[in-house]
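Shown next: protein25.cif, containing mmCIF, C-alpha atoms.
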data_my_file
#
loop_
_atom_site.label_atom_id
_atom_site.label_comp_id
_atom_site.auth_asym_id
_atom_site.auth_seq_id
_atom_site.Cartn_x
_atom_site.Cartn_y
_atom_site.Cartn_z
CA MET A 1 -128.28 -48.97 -182.41
CA THR A 2 -131.88 -49.06 -183.52
CA GLY A 3 -134.71 -50.25 -181.34
CA GLU A 4 -138.24 -51.45 -181.82
CA VAL A 5 -141.74 -50.37 -180.90
CA TRP A 6 -141.55 -52.21 -177.56
CA ALA A 7 -138.48 -50.16 -176.57
CA GLU A 8 -140.19 -46.89 -177.54
CA ASN A 9 -143.26 -47.80 -175.52
CA ALA A 10 -141.26 -48.87 -172.48
CA LEU A 11 -139.15 -45.71 -172.46
CA ARG A 12 -142.28 -43.59 -172.78
CA LEU A 13 -143.82 -45.35 -169.76
CA LEU A 14 -140.64 -44.90 -167.70
CA LEU A 15 -140.51 -41.18 -168.44
CA ARG A 16 -144.20 -40.86 -167.65
CA ARG A 17 -143.37 -42.44 -164.30
CA VAL A 18 -140.65 -39.81 -163.82
CA ASP A 19 -143.33 -37.12 -164.18
CA GLU A 20 -145.46 -38.75 -161.51
CA THR A 21 -142.52 -39.39 -159.21
CA ALA A 22 -141.38 -35.78 -159.45
CA GLU A 23 -144.80 -34.59 -158.36
CA GLN A 24 -144.89 -37.07 -155.49
CA VAL A 25 -141.42 -36.51 -153.99
CA GLY A 26 -141.05 -32.76 -154.46
CA GLY A 27 -137.57 -31.68 -153.40
CA ARG A 28 -136.69 -35.06 -151.88
CA PHE A 29 -135.07 -38.06 -153.58
CA PRO A 30 -136.94 -41.30 -154.35
CA LEU A 31 -135.36 -44.51 -153.07
CA TYR A 32 -137.83 -47.38 -153.51
CA ALA A 33 -141.56 -47.57 -154.16
CA ASP A 34 -144.22 -49.92 -152.81
CA PRO A 35 -145.22 -52.39 -155.54
CA ALA A 36 -148.89 -52.17 -154.54
CA ASP A 37 -149.51 -48.45 -154.89
CA GLY A 38 -146.30 -46.86 -156.17
CA ARG A 39 -145.73 -44.68 -153.11
CA TRP A 40 -142.05 -43.79 -152.74
CA THR A 41 -139.85 -44.03 -149.69
CA THR A 42 -137.64 -40.94 -149.99
CA THR A 43 -134.46 -39.43 -148.62
CA GLY A 44 -133.66 -35.79 -148.02
CA ARG A 45 -130.04 -35.83 -149.22
CA GLY A 46 -130.25 -38.61 -151.79
CA SER A 47 -128.06 -41.20 -150.06
CA TRP A 48 -126.02 -43.32 -152.52
CA THR A 49 -128.92 -43.36 -155.01
CA GLY A 50 -129.45 -39.63 -155.49
CA GLY A 51 -127.48 -39.47 -158.73
CA PHE A 52 -129.83 -41.91 -160.39
CA TRP A 53 -132.80 -39.65 -159.76
CA ALA A 54 -130.90 -36.68 -161.18
CA GLY A 55 -129.88 -38.88 -164.11
CA LEU A 56 -133.51 -39.83 -164.78
CA LEU A 57 -134.46 -36.17 -164.75
CA TRP A 58 -131.69 -35.42 -167.28
CA LEU A 59 -132.92 -38.28 -169.49
CA ARG A 60 -136.42 -36.80 -169.36
CA ALA A 61 -135.09 -33.33 -170.19
CA ARG A 62 -133.19 -34.74 -173.19
CA HIS A 63 -136.33 -36.52 -174.36
CA THR A 64 -138.72 -33.57 -174.07
CA GLY A 65 -136.42 -30.59 -174.51
CA LEU A 66 -138.62 -28.61 -172.13
CA PRO A 67 -136.93 -25.81 -170.13
CA ALA A 68 -138.92 -26.79 -167.03
CA HIS A 69 -137.51 -30.32 -167.22
CA ARG A 70 -133.95 -29.02 -167.61
CA SER A 71 -134.50 -26.80 -164.59
CA ALA A 72 -135.77 -29.73 -162.50
CA ALA A 73 -132.76 -31.83 -163.46
CA ALA A 74 -130.36 -29.00 -162.66
CA THR A 75 -132.00 -28.44 -159.28
CA ALA A 76 -131.73 -32.11 -158.31
CA THR A 77 -128.09 -32.18 -159.41
CA ALA A 78 -127.25 -29.07 -157.39
CA ALA A 79 -128.76 -30.74 -154.32
CA LEU A 80 -126.10 -33.46 -154.60
CA ALA A 81 -123.28 -30.97 -154.03
CA PRO A 82 -122.71 -31.90 -150.34
CA TRP A 83 -121.65 -35.38 -151.51
CA ALA A 84 -118.66 -34.04 -153.44
CA GLU A 85 -116.45 -34.04 -150.35
CA ALA A 86 -118.24 -36.83 -148.49
CA ASP A 87 -116.08 -39.70 -147.29
CA THR A 88 -117.39 -42.40 -149.60
CA ALA A 89 -116.39 -44.16 -152.79
CA ALA A 90 -120.11 -44.14 -153.60
CA ARG A 91 -119.63 -40.55 -154.78
CA GLY A 92 -118.94 -42.23 -158.14
CA LEU A 93 -122.51 -43.51 -158.23
CA ILE A 94 -123.86 -40.20 -156.95
CA LEU A 95 -121.90 -37.61 -158.88
CA TRP A 96 -120.97 -39.38 -162.09
CA TYR A 97 -124.46 -40.59 -162.94
CA GLY A 98 -125.98 -37.42 -161.54
CA THR A 99 -124.00 -35.19 -163.90
CA ALA A 100 -122.87 -37.20 -166.94
CA LEU A 101 -126.16 -36.81 -168.82
CA ALA A 102 -126.33 -33.05 -168.31
CA GLU A 103 -125.92 -31.18 -171.59
CA ALA A 104 -124.41 -27.70 -171.71
CA ASP A 105 -124.88 -27.24 -167.98
CA ALA A 106 -121.94 -25.38 -166.48
CA ALA A 107 -123.02 -26.02 -162.89
CA ALA A 108 -123.17 -29.79 -163.42
CA ASP A 109 -119.77 -29.73 -165.12
CA ALA A 110 -118.28 -27.76 -162.23
CA LEU A 111 -119.76 -30.12 -159.64
CA ARG A 112 -118.39 -33.15 -161.49
CA GLU A 113 -114.89 -31.62 -161.61
CA ARG A 114 -115.06 -30.66 -157.93
CA ALA A 115 -116.09 -34.21 -157.01
CA ALA A 116 -113.30 -35.64 -159.17
CA ARG A 117 -110.66 -33.57 -157.38
CA ALA A 118 -112.06 -34.54 -153.99
CA ALA A 119 -112.09 -38.23 -154.95
CA LEU A 120 -108.49 -37.97 -156.12
CA GLY A 121 -107.55 -36.42 -152.79
CA ALA A 122 -109.19 -39.36 -151.00
CA LEU A 123 -107.01 -41.97 -152.72
CA ASP A 124 -105.13 -44.02 -150.13
CA PRO A 125 -101.64 -44.48 -151.63
CA VAL A 126 -100.90 -47.49 -149.44
CA LEU A 127 -104.10 -49.37 -150.29
CA GLY A 128 -104.12 -48.13 -153.88
CA LEU A 129 -107.79 -47.23 -153.85
CA VAL A 130 -110.36 -44.73 -152.63
CA PRO A 131 -111.74 -46.43 -149.49
CA TRP A 132 -115.46 -47.14 -149.23
CA GLY A 133 -115.48 -44.51 -146.48
CA ALA A 134 -117.54 -43.80 -143.39
CA ALA A 135 -120.20 -41.47 -144.80
CA LEU A 136 -122.74 -44.27 -145.22
CA GLY A 137 -121.86 -46.05 -142.00
CA GLY A 138 -119.65 -48.99 -141.11
CA PRO A 139 -115.86 -49.32 -141.15
CA ARG A 140 -114.08 -46.79 -143.34
CA LEU A 141 -111.29 -48.95 -144.79
CA ARG A 142 -113.29 -51.24 -147.00
CA ALA A 143 -113.38 -52.19 -150.67
CA ARG A 144 -116.77 -52.97 -152.18
CA ALA A 145 -117.92 -53.84 -155.67
CA ASP A 146 -120.37 -50.93 -155.61
CA GLY A 147 -117.54 -48.53 -154.83
CA VAL A 148 -116.08 -48.89 -158.34
CA PRO A 149 -118.74 -48.02 -160.96
CA GLY A 150 -118.86 -44.33 -161.73
CA LEU A 151 -115.73 -43.59 -159.75
CA VAL A 152 -113.29 -44.59 -162.51
CA PRO A 153 -114.76 -42.15 -165.08
CA LEU A 154 -115.25 -39.54 -162.35
CA LEU A 155 -111.58 -39.71 -161.36
CA ALA A 156 -110.61 -39.39 -165.02
CA CYS A 157 -112.13 -35.90 -164.95
CA ALA A 158 -109.20 -34.90 -162.70
CA GLY A 159 -106.71 -35.29 -165.57
CA PRO A 160 -103.80 -37.73 -165.99
CA GLU A 161 -103.30 -38.14 -162.25
CA GLY A 162 -106.98 -38.89 -161.86
CA ARG A 163 -106.91 -41.45 -164.68
CA ALA A 164 -103.98 -43.20 -163.02
CA ALA A 165 -105.86 -43.19 -159.71
CA GLY A 166 -108.92 -44.65 -161.40
CA GLU A 167 -106.87 -47.46 -162.93
CA SER A 168 -105.34 -48.24 -159.53
CA HIS A 169 -108.76 -48.16 -157.84
CA LEU A 170 -110.22 -50.55 -160.41
CA ARG A 171 -107.20 -52.87 -160.43
CA ARG A 172 -107.17 -53.21 -156.64
CA HIS A 173 -110.89 -54.00 -156.52
CA LEU A 174 -110.56 -56.58 -159.29
CA ASP A 175 -107.63 -58.22 -157.52
CA LEU A 176 -109.80 -58.57 -154.42
CA CYS A 177 -113.24 -59.21 -155.82
CA LEU A 178 -112.33 -61.41 -158.78
CA PRO A 179 -109.53 -63.77 -157.76
CA ARG A 180 -107.86 -65.77 -160.53
CA ASP A 181 -107.70 -68.98 -158.49
CA GLY A 182 -110.79 -70.65 -159.90
CA THR A 183 -113.29 -69.20 -157.41
CA ARG A 184 -116.66 -69.30 -159.09
CA ARG A 185 -118.30 -66.12 -157.84
CA PRO A 186 -116.82 -62.67 -157.15
CA VAL A 187 -116.31 -61.70 -153.52
CA PRO A 188 -118.05 -58.31 -153.28
CA SER A 189 -116.87 -56.81 -150.00
CA TRP A 190 -113.52 -56.64 -148.17
CA ARG A 191 -112.27 -54.95 -145.00
CA TRP A 192 -108.72 -53.80 -144.32
CA ASP A 193 -107.34 -55.22 -141.09
CA GLU A 194 -104.90 -52.56 -139.93
CA ALA A 195 -103.52 -54.75 -137.16
CA GLY A 196 -102.65 -57.55 -139.55
CA SER A 197 -102.07 -55.33 -142.58
CA LEU A 198 -104.21 -57.53 -144.78
CA TRP A 199 -107.57 -57.66 -146.50
CA ALA A 200 -110.30 -59.93 -145.10
CA ALA A 201 -113.46 -60.87 -146.96
CA GLU A 202 -116.70 -59.72 -145.35
CA PRO A 203 -119.64 -62.11 -145.03
CA ASP A 204 -122.24 -59.58 -146.14
CA PRO A 205 -122.92 -59.20 -148.99
CA ALA A 206 -121.84 -62.73 -149.80
CA PRO A 207 -120.58 -64.15 -153.10
CA GLY A 208 -123.56 -64.62 -155.36
CA TRP A 209 -124.88 -61.07 -154.86
CA THR A 210 -125.95 -60.44 -158.42
CA ARG A 211 -126.02 -56.67 -158.13
CA GLY A 212 -122.41 -56.72 -156.97
CA GLU A 213 -121.50 -58.74 -160.06
CA ALA A 214 -123.39 -56.27 -162.23
CA TRP A 215 -121.54 -53.34 -160.64
CA LEU A 216 -118.20 -54.99 -161.36
CA LEU A 217 -119.10 -55.64 -164.99
CA LEU A 218 -120.24 -52.03 -165.40
CA ALA A 219 -117.02 -50.73 -163.86
CA VAL A 220 -114.92 -52.82 -166.25
CA ALA A 221 -117.04 -51.73 -169.21
CA ASP A 222 -116.54 -48.09 -168.20
CA ALA A 223 -112.80 -48.63 -167.95
CA PHE A 224 -112.49 -49.56 -171.62
CA ALA A 225 -113.35 -45.97 -172.52
CA GLN A 226 -110.61 -44.70 -170.20
CA THR A 227 -107.80 -47.17 -170.81
CA GLY A 228 -108.35 -48.65 -174.26
CA VAL A 229 -108.41 -52.43 -174.53
CA PRO A 230 -105.56 -53.86 -172.44
CA GLU A 231 -105.30 -57.63 -172.22
CA ARG A 232 -106.07 -57.58 -168.49
CA LEU A 233 -109.48 -55.99 -168.96
CA THR A 234 -110.34 -58.35 -171.80
CA GLU A 235 -109.49 -61.29 -169.56
CA THR A 236 -111.55 -59.78 -166.75
CA VAL A 237 -114.63 -59.44 -168.96
CA GLU A 238 -114.29 -63.07 -170.00
CA LEU A 239 -113.98 -64.16 -166.37
CA LEU A 240 -117.05 -62.19 -165.30
CA LEU A 241 -119.17 -63.35 -168.22
CA ASP A 242 -118.21 -66.96 -167.51
CA ARG A 243 -118.28 -67.11 -163.71
CA CYS A 244 -121.50 -65.15 -163.38
CA ALA A 245 -123.20 -66.79 -166.40
CA LEU A 246 -124.09 -63.33 -167.64
CA LEU A 247 -124.65 -64.52 -171.22
CA THR A 248 -126.20 -67.90 -170.50
CA GLY A 249 -128.02 -67.86 -167.17
CA PRO A 250 -131.61 -66.76 -166.44
CA LEU A 251 -132.44 -63.37 -167.91
CA VAL A 252 -133.58 -62.28 -164.43
CA PRO A 253 -131.66 -64.34 -161.84
CA PRO A 254 -132.13 -64.37 -158.06
CA ALA A 255 -130.84 -61.41 -156.11
CA ASP A 256 -128.60 -63.90 -154.31
CA THR A 257 -127.62 -66.98 -156.28
CA GLY A 258 -126.91 -68.74 -152.99
CA HIS A 259 -130.67 -68.60 -152.35
CA PRO A 260 -132.26 -69.47 -155.69
CA GLU A 261 -135.71 -69.66 -154.08
CA GLY A 262 -135.44 -66.02 -153.00
CA PRO A 263 -136.48 -62.83 -154.78
CA VAL A 264 -135.03 -61.77 -158.12
CA ASP A 265 -133.48 -58.36 -158.69
CA THR A 266 -134.49 -56.55 -161.86
CA SER A 267 -132.25 -53.63 -160.93
CA ALA A 268 -129.19 -55.91 -161.15
CA VAL A 269 -130.02 -57.05 -164.66
CA ALA A 270 -130.83 -53.51 -165.79
CA ILE A 271 -127.29 -52.56 -164.73
CA THR A 272 -125.95 -55.66 -166.48
CA ALA A 273 -127.79 -54.77 -169.69
CA VAL A 274 -126.16 -51.33 -169.81
CA ALA A 275 -122.75 -52.87 -169.14
CA LEU A 276 -123.29 -55.42 -171.93
CA LEU A 277 -124.32 -52.67 -174.36
CA LYS A 278 -121.11 -50.82 -173.50
CA LEU A 279 -119.05 -53.97 -174.07
CA SER A 280 -120.80 -54.68 -177.36
CA GLY A 281 -119.17 -51.51 -178.71
CA VAL A 282 -115.60 -52.62 -177.97
CA PRO A 283 -113.87 -52.95 -181.37
CA ARG A 284 -112.96 -56.49 -182.43
CA ALA A 285 -114.02 -58.02 -179.11
CA ALA A 286 -114.90 -61.68 -179.51
CA TRP A 287 -117.87 -61.31 -177.17
CA ALA A 288 -119.29 -58.08 -178.64
CA SER A 289 -122.10 -59.65 -180.65
CA ALA A 290 -123.17 -61.97 -177.84
CA CYS A 291 -123.22 -59.01 -175.41
CA ALA A 292 -125.44 -56.99 -177.76
CA ASP A 293 -127.89 -59.86 -178.21
CA ARG A 294 -128.06 -60.60 -174.49
CA ALA A 295 -128.55 -56.93 -173.58
CA ARG A 296 -131.46 -56.63 -175.98
CA SER A 297 -133.04 -59.83 -174.60
CA VAL A 298 -132.69 -58.59 -171.02
CA LEU A 299 -134.18 -55.20 -171.80
CA HIS A 300 -137.07 -56.82 -173.66
CA ARG A 301 -137.78 -59.16 -170.74
CA LEU A 302 -137.76 -56.30 -168.25
CA ALA A 303 -140.03 -54.20 -170.45
CA SER A 304 -142.48 -57.01 -171.21
CA ALA A 305 -142.63 -58.89 -167.91
CA HIS A 306 -141.67 -56.50 -165.09
CA LEU A 307 -142.74 -53.00 -166.19
CA THR A 308 -146.24 -51.92 -165.24
CA GLY A 309 -148.46 -50.96 -168.16
CA PRO A 310 -150.92 -48.13 -168.67
CA ASP A 311 -154.10 -50.06 -167.90
CA GLY A 312 -153.43 -51.72 -164.55
CA PRO A 313 -154.29 -50.68 -160.98
CA ARG A 314 -150.77 -49.43 -160.31
CA PRO A 315 -149.00 -46.41 -161.80
CA ALA A 316 -147.57 -47.10 -165.26
CA GLY A 317 -143.83 -47.32 -165.80
CA MET A 318 -142.81 -49.01 -162.54
CA LEU A 319 -139.96 -51.50 -162.92
CA LEU A 320 -141.07 -54.04 -160.33
CA ASP A 321 -139.23 -56.95 -158.68
CA GLY A 322 -136.17 -54.97 -157.67
CA CYS A 323 -134.50 -56.19 -154.49
CA TYR A 324 -132.88 -53.59 -152.27
CA ASP A 325 -131.59 -55.95 -149.55
CA ALA A 326 -132.64 -59.60 -149.54
CA ALA A 327 -130.73 -60.50 -146.37
CA ARG A 328 -132.60 -57.90 -144.31
CA GLY A 329 -135.91 -58.20 -146.11
CA THR A 330 -135.85 -54.56 -147.17
CA ALA A 331 -137.83 -53.68 -150.32
CA VAL A 332 -137.41 -57.11 -151.88
CA ARG A 333 -140.00 -56.85 -154.69
CA HIS A 334 -140.09 -53.11 -155.18
CA GLU A 335 -139.47 -50.43 -157.74
CA LEU A 336 -135.95 -49.09 -157.19
CA VAL A 337 -134.83 -45.72 -158.51
CA TRP A 338 -131.56 -47.09 -159.90
CA GLY A 339 -133.41 -49.91 -161.63
CA ASP A 340 -135.60 -47.35 -163.38
CA PHE A 341 -132.51 -45.34 -164.31
CA PHE A 342 -130.53 -48.17 -165.86
CA LEU A 343 -133.55 -49.54 -167.72
CA ALA A 344 -134.26 -46.07 -169.13
CA LEU A 345 -130.60 -45.56 -170.02
CA GLY A 346 -130.40 -48.96 -171.71
CA LEU A 347 -133.55 -48.34 -173.73
CA ALA A 348 -132.37 -44.86 -174.72
CA ALA A 349 -129.07 -46.36 -175.90
CA LEU A 350 -130.88 -49.11 -177.82
CA LEU A 351 -132.90 -46.39 -179.55
CA GLY A 352 -129.82 -44.32 -180.35
CA ARG A 353 -130.70 -41.53 -177.93
CA ALA A 354 -127.93 -41.96 -175.39
CA ASP A 355 -124.19 -42.30 -176.02
CA LEU A 356 -122.89 -44.94 -173.63
CA THR A 357 -119.31 -43.88 -174.26
CA ARG A 358 -120.14 -40.68 -172.38
CA VAL A 359 -122.14 -41.97 -169.42
#

Mind converting the file's structure to structure tokens?
Amino acid sequence: MTGEVWAENALRLLLRRVDETAEQVGGRFPLYADPADGRWTTTGRGSWTGGFWAGLLWLRARHTGLPAHRSAAATATAALAPWAEADTAARGLILWYGTALAEADAAADALRERAARAALGALDPVLGLVPWGAALGGPRLRARADGVPGLVPLLACAGPEGRAAGESHLRRHLDLCLPRDGTRRPVPSWRWDEAGSLWAAEPDPAPGWTRGEAWLLLAVADAFAQTGVPERLTETVELLLDRCALLTGPLVPPADTGHPEGPVDTSAVAITAVALLKLSGVPRAAWASACADRARSVLHRLASAHLTGPDGPRPAGMLLDGCYDAARGTAVRHELVWGDFFLALGLAALLGRADLTRV
């Protein structure tokens, strides 16, 4: 794909922000930044977002080609190693996106393969999925929309058995989160009731969580590269695009569509834009052209209306209006590290500098 001047300028600002963030956080991982002054709240181990910081550093290293930038990316990726065996399906977010953009880096490749084998070992054969896990708190036997993206391609790194596990993991989550009974919005979170041997929907996050819908679309888009174009996935894309109004609704919808007066979430639509770009490359797909057009419109809106420029009082290159957790009032209009990552990745793809079939 070819981009335009606006995309070049936006990507340059985002990578300039990476420079500033790296200086500010040192060896820690950025999580979200105050919209007033750009100061980051950080984590020591990276939490579920650490892979997006490593991914941003790899994008910067690809852009500049500087050895110091490659070294910084490699160091951040190595710091994610304790998550390889952690009890969480979020290791897909952490260790796929934290390693997939690394080029000719044997350590990143080895960490990705180690994480893939560990994820395969965590597959629950009865439930047919890798449980959400206990590493991030809460009940272990859960299925969440954000436990799918990244994990399907990560599992595929474990060979044929891993690919089969990834297909099972995705299929089980789709069966739960996207029922075929006419329900309008996906149900993003489920808990396994061992006493009753059944799945029960959780109230939080509720249907209408736009980031959960974006995660599901991204997971399905990733699966096309692993499984080809089976009819089931094509149907699933059509259901998601329709039920979530991903091609027709507001370019930047509320973080929770059940509360339209609440904050928006730019990080959700940045994820959606990358998923749409991936889907636009599916051969002979009826929705490919519409996905490409919508992705470009979303990226342009984010770059023009939500990204801080070089002349304002705040640091340049901040993707504002990200919503970490609307229900709890946590970082509801902030810069979020994964929002920055997916916007940068989408712009790089639009400009022909990132291959979305490989990340």

I need the output of the PyMOL selection byres ((chain A and resi 133) around 10) for this file as a PDB file with C-alpha atoms, in the frame of the given file; which residues are they?
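So expr-v6.pdb came out as:
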ATOM      1  CA  ALA A  86    -118.240 -36.830-148.490  1.00  0.00           C
ATOM      2  CA  ASP A  87    -116.080 -39.700-147.290  1.00  0.00           C
ATOM      3  CA  THR A  88    -117.390 -42.400-149.600  1.00  0.00           C
ATOM      4  CA  ALA A  89    -116.390 -44.160-152.790  1.00  0.00           C
ATOM      5  CA  ALA A  90    -120.110 -44.140-153.600  1.00  0.00           C
ATOM      6  CA  ALA A 122    -109.190 -39.360-151.000  1.00  0.00           C
ATOM      7  CA  VAL A 130    -110.360 -44.730-152.630  1.00  0.00           C
ATOM      8  CA  PRO A 131    -111.740 -46.430-149.490  1.00  0.00           C
ATOM      9  CA  TRP A 132    -115.460 -47.140-149.230  1.00  0.00           C
ATOM     10  CA  ALA A 134    -117.540 -43.800-143.390  1.00  0.00           C
ATOM     11  CA  ALA A 135    -120.200 -41.470-144.800  1.00  0.00           C
ATOM     12  CA  LEU A 136    -122.740 -44.270-145.220  1.00  0.00           C
ATOM     13  CA  GLY A 137    -121.860 -46.050-142.000  1.00  0.00           C
ATOM     14  CA  GLY A 138    -119.650 -48.990-141.110  1.00  0.00           C
ATOM     15  CA  PRO A 139    -115.860 -49.320-141.150  1.00  0.00           C
ATOM     16  CA  ARG A 140    -114.080 -46.790-143.340  1.00  0.00           C
ATOM     17  CA  LEU A 141    -111.290 -48.950-144.790  1.00  0.00           C
ATOM     18  CA  ARG A 142    -113.290 -51.240-147.000  1.00  0.00           C
ATOM     19  CA  ALA A 143    -113.380 -52.190-150.670  1.00  0.00           C
ATOM     20  CA  GLY A 147    -117.540 -48.530-154.830  1.00  0.00           C
TER      21      GLY A 147
END

Residue IDs satisfying the PyMOL selection byres ((chain A and resi 168-176) around 9), as number ranges by chain: A: 123, 127-130, 143-145, 147-149, 151-152, 163-167, 177-180, 186-190, 199, 201, 216, 219-220, 223, 236

Proximity to Leu351 of chain A - best of A:Leu13, A:Pro315, A:Val298, A:His63, only C-alpha atoms: A:His63

Within 12 Å of file point (-122.3, -58.6, -162.8), counting all atoms listed in the file, expressed as number ranges by chain: A: 145-146, 149, 177-178, 185-188, 207-221, 236-247, 249, 252-253, 255-257, 265, 267-276

Atom pair atom CA of Ala74 of chain A / atom CA of Phe29 of chain A: separation (Å):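 Atom-to-atom, atom CA of Ala74 of chain A to atom CA of Phe29 of chain A, that is 13.7 Å.
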
Closest atom pairs, residues of segment 78-117 of chain A within 12 Å of segment 44-50 of chain A, all atoms listed in the file, as a Markdown table:
| residue | atom | partner | partner_atom | distance |
| --- | --- | --- | --- | --- |
| A:Ala78 | CA | A:Gly50 | CA | 11.0 |
| A:Ala79 | CA | A:Arg45 | CA | 7.3 |
| A:Leu80 | CA | A:Gly50 | CA | 7.1 |
| A:Ala81 | CA | A:Arg45 | CA | 9.6 |
| A:Pro82 | CA | A:Arg45 | CA | 8.4 |
| A:Trp83 | CA | A:Arg45 | CA | 8.7 |
| A:Ala84 | CA | A:Trp48 | CA | 11.9 |
| A:Ala86 | CA | A:Ser47 | CA | 10.9 |
| A:Asp87 | CA | A:Trp48 | CA | 11.8 |
| A:Thr88 | CA | A:Trp48 | CA | 9.2 |
| A:Ala89 | CA | A:Trp48 | CA | 9.7 |
| A:Ala90 | CA | A:Trp48 | CA | 6.1 |
| A:Arg91 | CA | A:Trp48 | CA | 7.3 |
| A:Gly92 | CA | A:Trp48 | CA | 9.1 |
| A:Leu93 | CA | A:Trp48 | CA | 6.7 |
| A:Ile94 | CA | A:Gly50 | CA | 5.8 |
| A:Leu95 | CA | A:Gly50 | CA | 8.5 |
| A:Trp96 | CA | A:Gly50 | CA | 10.7 |
| A:Tyr97 | CA | A:Gly50 | CA | 9.0 |
| A:Gly98 | CA | A:Gly50 | CA | 7.3 |
| A:Thr99 | CA | A:Gly50 | CA | 11.0 |

Output C-alpha atoms for every residue in that selection, as a PDB file, in the frame of the given file.
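File written: selection_9.pdb
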ATOM      1  CA  ALA A  78    -127.250 -29.070-157.390  1.00  0.00           C
ATOM      2  CA  ALA A  79    -128.760 -30.740-154.320  1.00  0.00           C
ATOM      3  CA  LEU A  80    -126.100 -33.460-154.600  1.00  0.00           C
ATOM      4  CA  ALA A  81    -123.280 -30.970-154.030  1.00  0.00           C
ATOM      5  CA  PRO A  82    -122.710 -31.900-150.340  1.00  0.00           C
ATOM      6  CA  TRP A  83    -121.650 -35.380-151.510  1.00  0.00           C
ATOM      7  CA  ALA A  84    -118.660 -34.040-153.440  1.00  0.00           C
ATOM      8  CA  ALA A  86    -118.240 -36.830-148.490  1.00  0.00           C
ATOM      9  CA  ASP A  87    -116.080 -39.700-147.290  1.00  0.00           C
ATOM     10  CA  THR A  88    -117.390 -42.400-149.600  1.00  0.00           C
ATOM     11  CA  ALA A  89    -116.390 -44.160-152.790  1.00  0.00           C
ATOM     12  CA  ALA A  90    -120.110 -44.140-153.600  1.00  0.00           C
ATOM     13  CA  ARG A  91    -119.630 -40.550-154.780  1.00  0.00           C
ATOM     14  CA  GLY A  92    -118.940 -42.230-158.140  1.00  0.00           C
ATOM     15  CA  LEU A  93    -122.510 -43.510-158.230  1.00  0.00           C
ATOM     16  CA  ILE A  94    -123.860 -40.200-156.950  1.00  0.00           C
ATOM     17  CA  LEU A  95    -121.900 -37.610-158.880  1.00  0.00           C
ATOM     18  CA  TRP A  96    -120.970 -39.380-162.090  1.00  0.00           C
ATOM     19  CA  TYR A  97    -124.460 -40.590-162.940  1.00  0.00           C
ATOM     20  CA  GLY A  98    -125.980 -37.420-161.540  1.00  0.00           C
ATOM     21  CA  THR A  99    -124.000 -35.190-163.900  1.00  0.00           C
TER      22      THR A  99
END

Selection result of the PyMOL selection byres ((chain A and resi 36) around 12) on this file, as a list of chain:residue names: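 After applying the PyMOL selection byres ((chain A and resi 36) around 12), what remains is A:Ala33, A:Asp34, A:Pro35, A:Asp37, A:Gly38, A:Arg39, A:Trp40, A:Thr308, A:Gly312, A:Pro313, A:Arg314, A:Pro315, A:Ala316, A:Met318, A:Leu320, A:Asp321, A:Ala331, A:Arg333, A:His334, A:Glu335.
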
Interatomic distance, atom CA of Leu56 of chain A to atom CA of Phe341 of chain A (Å, one decimal):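 Spanning atom CA of Leu56 of chain A to atom CA of Phe341 of chain A is a straight-line distance of 5.6 Å.
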
Given all atoms listed in the file as the counted atoms, nearest of A:Ala156, A:Leu343, A:Leu66, A:Val5 to Ala116 of chain A: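 The shortest atom-to-atom distance to Ala116 of chain A comes from A:Ala156.
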